[in-house]
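File shown: coords.pdb (PDB, C-alpha atoms, pLDDT in the B column).
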ATOM      1  CA  MET A  89      37.903 210.008 -31.168  1.00 80.00           C
ATOM      2  CA  THR A  90      37.905 211.702 -34.544  1.00 87.00           C
ATOM      3  CA  ASP A  91      41.075 212.815 -36.319  1.00 86.00           C
ATOM      4  CA  ARG A  92      40.121 216.444 -35.822  1.00 90.00           C
ATOM      5  CA  GLU A  93      39.444 215.995 -32.119  1.00 89.00           C
ATOM      6  CA  LEU A  94      42.743 214.147 -31.655  1.00 88.00           C
ATOM      7  CA  ASP A  95      44.637 216.904 -33.492  1.00 89.00           C
ATOM      8  CA  GLU A  96      42.975 219.569 -31.345  1.00 88.00           C
ATOM      9  CA  ILE A  97      43.767 217.750 -28.120  1.00 89.00           C
ATOM     10  CA  LEU A  98      47.394 217.087 -29.017  1.00 88.00           C
ATOM     11  CA  THR A  99      47.986 220.585 -30.379  1.00 90.00           C
ATOM     12  CA  PHE A 100      46.176 222.816 -27.903  1.00 90.00           C
ATOM     13  CA  HIS A 101      45.462 220.877 -24.700  1.00 90.00           C
ATOM     14  CA  TRP A 102      48.054 218.128 -24.340  1.00 91.00           C
ATOM     15  CA  PRO A 103      51.054 220.459 -23.783  1.00 92.00           C
ATOM     16  CA  LYS A 104      49.288 221.831 -20.697  1.00 91.00           C
ATOM     17  CA  VAL A 105      48.691 218.282 -19.439  1.00 92.00           C
ATOM     18  CA  VAL A 106      52.360 217.434 -19.965  1.00 92.00           C
ATOM     19  CA  ARG A 107      53.535 220.538 -18.088  1.00 90.00           C
ATOM     20  CA  ARG A 108      51.212 219.869 -15.151  1.00 90.00           C
ATOM     21  CA  ILE A 109      52.038 216.171 -14.841  1.00 89.00           C
ATOM     22  CA  MET A 110      55.777 216.699 -15.134  1.00 88.00           C
ATOM     23  CA  ALA A 111      55.724 219.553 -12.593  1.00 86.00           C
ATOM     24  CA  ASP A 112      53.644 217.648 -10.028  1.00 79.00           C
ATOM     25  CA  ASP A 113      54.903 214.828  -7.882  1.00 74.00           C
ATOM     26  CA  SER A 114      52.975 212.346 -10.018  1.00 71.00           C
ATOM     27  CA  ASP A 115      53.936 208.712 -10.200  1.00 88.00           C
ATOM     28  CA  ASP A 116      56.371 207.524 -12.822  1.00 91.00           C
ATOM     29  CA  TRP A 117      53.733 205.542 -14.715  1.00 93.00           C
ATOM     30  CA  ILE A 118      51.567 208.561 -15.480  1.00 92.00           C
ATOM     31  CA  LYS A 119      54.624 210.616 -16.450  1.00 93.00           C
ATOM     32  CA  GLY A 120      55.670 207.868 -18.856  1.00 94.00           C
ATOM     33  CA  PHE A 121      52.139 207.638 -20.239  1.00 94.00           C
ATOM     34  CA  VAL A 122      51.932 211.370 -20.917  1.00 94.00           C
ATOM     35  CA  LEU A 123      55.300 211.395 -22.658  1.00 93.00           C
ATOM     36  CA  SER A 124      54.476 208.291 -24.709  1.00 95.00           C
ATOM     37  CA  ILE A 125      51.231 209.860 -25.945  1.00 94.00           C
ATOM     38  CA  THR A 126      53.260 212.913 -26.951  1.00 93.00           C
ATOM     39  CA  ARG A 127      55.632 210.690 -28.957  1.00 94.00           C
ATOM     40  CA  PHE A 128      52.854 208.596 -30.496  1.00 94.00           C
ATOM     41  CA  GLY A 129      50.921 211.744 -31.425  1.00 91.00           C
ATOM     42  CA  LYS A 130      53.675 212.712 -33.845  1.00 90.00           C
ATOM     43  CA  ARG A 131      52.890 209.659 -35.978  1.00 90.00           C
ATOM     44  CA  ARG A 132      50.510 210.518 -38.760  1.00 87.00           C
ATOM     45  CA  THR A 133      48.515 207.269 -38.604  1.00 90.00           C
ATOM     46  CA  TRP A 134      48.380 206.831 -34.824  1.00 90.00           C
ATOM     47  CA  HIS A 135      45.081 206.737 -32.959  1.00 93.00           C
ATOM     48  CA  PRO A 136      44.760 206.030 -29.240  1.00 94.00           C
ATOM     49  CA  SER A 137      43.377 202.718 -28.088  1.00 94.00           C
ATOM     50  CA  PRO A 138      40.096 202.878 -26.154  1.00 94.00           C
ATOM     51  CA  LYS A 139      41.977 202.615 -22.855  1.00 96.00           C
ATOM     52  CA  GLN A 140      44.486 205.311 -23.865  1.00 94.00           C
ATOM     53  CA  GLU A 141      41.617 207.552 -24.946  1.00 94.00           C
ATOM     54  CA  GLN A 142      39.864 207.041 -21.610  1.00 95.00           C
ATOM     55  CA  ILE A 143      42.993 207.978 -19.643  1.00 94.00           C
ATOM     56  CA  MET A 144      43.674 210.958 -21.919  1.00 93.00           C
ATOM     57  CA  ARG A 145      40.138 212.295 -21.402  1.00 93.00           C
ATOM     58  CA  ARG A 146      40.419 211.830 -17.628  1.00 94.00           C
ATOM     59  CA  LEU A 147      43.719 213.726 -17.542  1.00 93.00           C
ATOM     60  CA  LEU A 148      42.282 216.504 -19.711  1.00 92.00           C
ATOM     61  CA  SER A 149      39.315 216.927 -17.397  1.00 91.00           C
ATOM     62  CA  GLU A 150      41.488 216.881 -14.264  1.00 87.00           C
ATOM     63  CA  VAL A 151      43.937 219.447 -15.637  1.00 84.00           C
ATOM     64  CA  GLY A 152      41.110 221.588 -17.008  1.00 71.00           C
ATOM     65  CA  THR A 153      39.403 221.819 -13.623  1.00 62.00           C
ATOM     66  CA  ALA A 154      42.537 222.097 -11.478  1.00 57.00           C
ATOM     67  CA  PRO A 155      43.377 225.593 -10.285  1.00 58.00           C
ATOM     68  CA  GLU A 156      46.441 227.221 -11.771  1.00 60.00           C
ATOM     69  CA  PRO A 157      49.419 226.990  -9.441  1.00 60.00           C
ATOM     70  CA  THR A 158      50.347 230.281  -7.843  1.00 65.00           C
ATOM     71  CA  MET A 159      53.574 231.697  -9.095  1.00 65.00           C
ATOM     72  CA  GLU A 160      56.051 233.216  -6.673  1.00 70.00           C
ATOM     73  CA  LEU A 161      57.414 236.469  -7.996  1.00 70.00           C
ATOM     74  CA  ILE A 162      61.129 237.002  -7.647  1.00 76.00           C
ATOM     75  CA  GLU A 163      60.817 240.758  -7.337  1.00 71.00           C
ATOM     76  CA  ARG A 164      57.888 242.515  -5.745  1.00 62.00           C
TER      77      ARG A 164
END
Mind turning this structure into structure tokens?
Amino acid sequence: MTDRELDEILTFHWPKVVRRIMADDSDDWIKGFVLSITRFGKRRTWHPSPKQEQIMRRLLSEVGTAPEPTMELIER
């Protein structure tokens, strides 16, 4: 993963992944993973390990293809 690609993922796509994972009834491990990547991403010299990169890409593809949850309007 290049520096530019990592910056793009963490800046534009990762917040959506975090919102989806935290809103779903996901297991605690994946929630912890998503939050730890968010923390690590703030470090200037951090790069994901091959396993972290693989999981990140899988989550990005799953969130990117998942339908948006329907929102219930309070007032109609």
**OP:** Run through the PyMOL selection byres ((chain A and resi 107-120) around 10) on the given coordinates and return the selected residues as a list in words.
**Re:**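 For this structure, the PyMOL selection byres ((chain A and resi 107-120) around 10) resolves to Trp102, Pro103, Lys104, Val105, Val106, Phe121, Val122, Leu123, Ser124, Ile125, Thr126, Ile143, Leu147, Val151, Ala154, Glu156 and Pro157 of chain A.
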Taking all atoms of range 119-127 of chain A that appear in the file, build a box with edges along x, y and z, extend it by 6 Å on every side, and state its centre and edge lengths in Å to one decimal, as JSON.
{"center_x": 53.5, "center_y": 210.3, "center_z": -22.7, "size_x": 16.4, "size_y": 17.3, "size_z": 24.5}
**OP:** State, in Å with one decimal place, the distance from CA of Glu141 in chain A to CA of Leu94 in chain A.
**Re:** 9.5 Å
Original post:
Do you have the CA of Arg145 in chain A-CA of Ile97 in chain A distance handy?
Top reply: 9.4 Å
**OP:** Provide the CA of Leu148 in chain A to CA of Arg131 in chain A distance in Å, to one decimal place.
**Re:** 20.6 Å
**OP:** Rank A:Ser149, A:Trp134, A:Ile162, A:Gln142 by their smallest atom-to-atom distance to Asp95 in chain A, using only C-alpha atoms, and report the top residue only.
**Re:**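 Using only C-alpha atoms, Asp95 in chain A sits closest to A:Trp134.
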Can you put N, CA and C atoms back into range 122-140 of chain A and show it as a PDB file, keeping the file's coordinate frame?
ATOM      1  N   VAL A 122      52.091 210.055 -20.294  1.00 94.00           N
ATOM      2  CA  VAL A 122      51.932 211.370 -20.917  1.00 94.00           C
ATOM      3  C   VAL A 122      53.002 211.583 -21.986  1.00 94.00           C
ATOM      4  N   LEU A 123      54.221 211.224 -21.679  1.00 93.00           N
ATOM      5  CA  LEU A 123      55.300 211.395 -22.658  1.00 93.00           C
ATOM      6  C   LEU A 123      55.140 210.441 -23.843  1.00 93.00           C
ATOM      7  N   SER A 124      54.658 209.227 -23.596  1.00 95.00           N
ATOM      8  CA  SER A 124      54.476 208.291 -24.709  1.00 95.00           C
ATOM      9  C   SER A 124      53.362 208.753 -25.640  1.00 95.00           C
ATOM     10  N   ILE A 125      52.304 209.325 -25.101  1.00 94.00           N
ATOM     11  CA  ILE A 125      51.231 209.860 -25.945  1.00 94.00           C
ATOM     12  C   ILE A 125      51.777 211.014 -26.786  1.00 94.00           C
ATOM     13  N   THR A 126      52.642 211.815 -26.200  1.00 93.00           N
ATOM     14  CA  THR A 126      53.260 212.913 -26.951  1.00 93.00           C
ATOM     15  C   THR A 126      54.074 212.365 -28.119  1.00 93.00           C
ATOM     16  N   ARG A 127      54.842 211.304 -27.879  1.00 94.00           N
ATOM     17  CA  ARG A 127      55.632 210.690 -28.957  1.00 94.00           C
ATOM     18  C   ARG A 127      54.735 210.043 -30.007  1.00 94.00           C
ATOM     19  N   PHE A 128      53.749 209.267 -29.558  1.00 94.00           N
ATOM     20  CA  PHE A 128      52.854 208.596 -30.496  1.00 94.00           C
ATOM     21  C   PHE A 128      52.070 209.603 -31.329  1.00 94.00           C
ATOM     22  N   GLY A 129      51.711 210.730 -30.738  1.00 91.00           N
ATOM     23  CA  GLY A 129      50.921 211.744 -31.425  1.00 91.00           C
ATOM     24  C   GLY A 129      51.622 212.337 -32.625  1.00 91.00           C
ATOM     25  N   LYS A 130      52.930 212.194 -32.694  1.00 90.00           N
ATOM     26  CA  LYS A 130      53.675 212.712 -33.845  1.00 90.00           C
ATOM     27  C   LYS A 130      53.540 211.813 -35.065  1.00 90.00           C
ATOM     28  N   ARG A 131      53.086 210.584 -34.855  1.00 90.00           N
ATOM     29  CA  ARG A 131      52.890 209.659 -35.978  1.00 90.00           C
ATOM     30  C   ARG A 131      51.582 210.007 -36.688  1.00 90.00           C
ATOM     31  N   ARG A 132      51.657 210.093 -37.962  1.00 87.00           N
ATOM     32  CA  ARG A 132      50.510 210.518 -38.760  1.00 87.00           C
ATOM     33  C   ARG A 132      49.326 209.548 -38.656  1.00 87.00           C
ATOM     34  N   THR A 133      49.592 208.262 -38.577  1.00 90.00           N
ATOM     35  CA  THR A 133      48.515 207.269 -38.604  1.00 90.00           C
ATOM     36  C   THR A 133      48.116 206.767 -37.221  1.00 90.00           C
ATOM     37  N   TRP A 134      48.657 207.327 -36.173  1.00 90.00           N
ATOM     38  CA  TRP A 134      48.380 206.831 -34.824  1.00 90.00           C
ATOM     39  C   TRP A 134      47.031 207.312 -34.322  1.00 90.00           C
ATOM     40  N   HIS A 135      46.315 206.412 -33.677  1.00 93.00           N
ATOM     41  CA  HIS A 135      45.081 206.737 -32.959  1.00 93.00           C
ATOM     42  C   HIS A 135      45.150 206.034 -31.613  1.00 93.00           C
ATOM     43  N   PRO A 136      44.683 206.675 -30.556  1.00 94.00           N
ATOM     44  CA  PRO A 136      44.760 206.030 -29.240  1.00 94.00           C
ATOM     45  C   PRO A 136      43.818 204.830 -29.154  1.00 94.00           C
ATOM     46  N   SER A 137      44.249 203.858 -28.366  1.00 94.00           N
ATOM     47  CA  SER A 137      43.377 202.718 -28.088  1.00 94.00           C
ATOM     48  C   SER A 137      42.242 203.218 -27.186  1.00 94.00           C
ATOM     49  N   PRO A 138      41.185 202.437 -27.040  1.00 94.00           N
ATOM     50  CA  PRO A 138      40.096 202.878 -26.154  1.00 94.00           C
ATOM     51  C   PRO A 138      40.561 203.181 -24.726  1.00 94.00           C
ATOM     52  N   LYS A 139      41.475 202.373 -24.213  1.00 96.00           N
ATOM     53  CA  LYS A 139      41.977 202.615 -22.855  1.00 96.00           C
ATOM     54  C   LYS A 139      42.827 203.883 -22.803  1.00 96.00           C
ATOM     55  N   GLN A 140      43.688 204.090 -23.816  1.00 94.00           N
ATOM     56  CA  GLN A 140      44.486 205.311 -23.865  1.00 94.00           C
ATOM     57  C   GLN A 140      43.578 206.538 -23.960  1.00 94.00           C
TER      58      GLN A 140
END
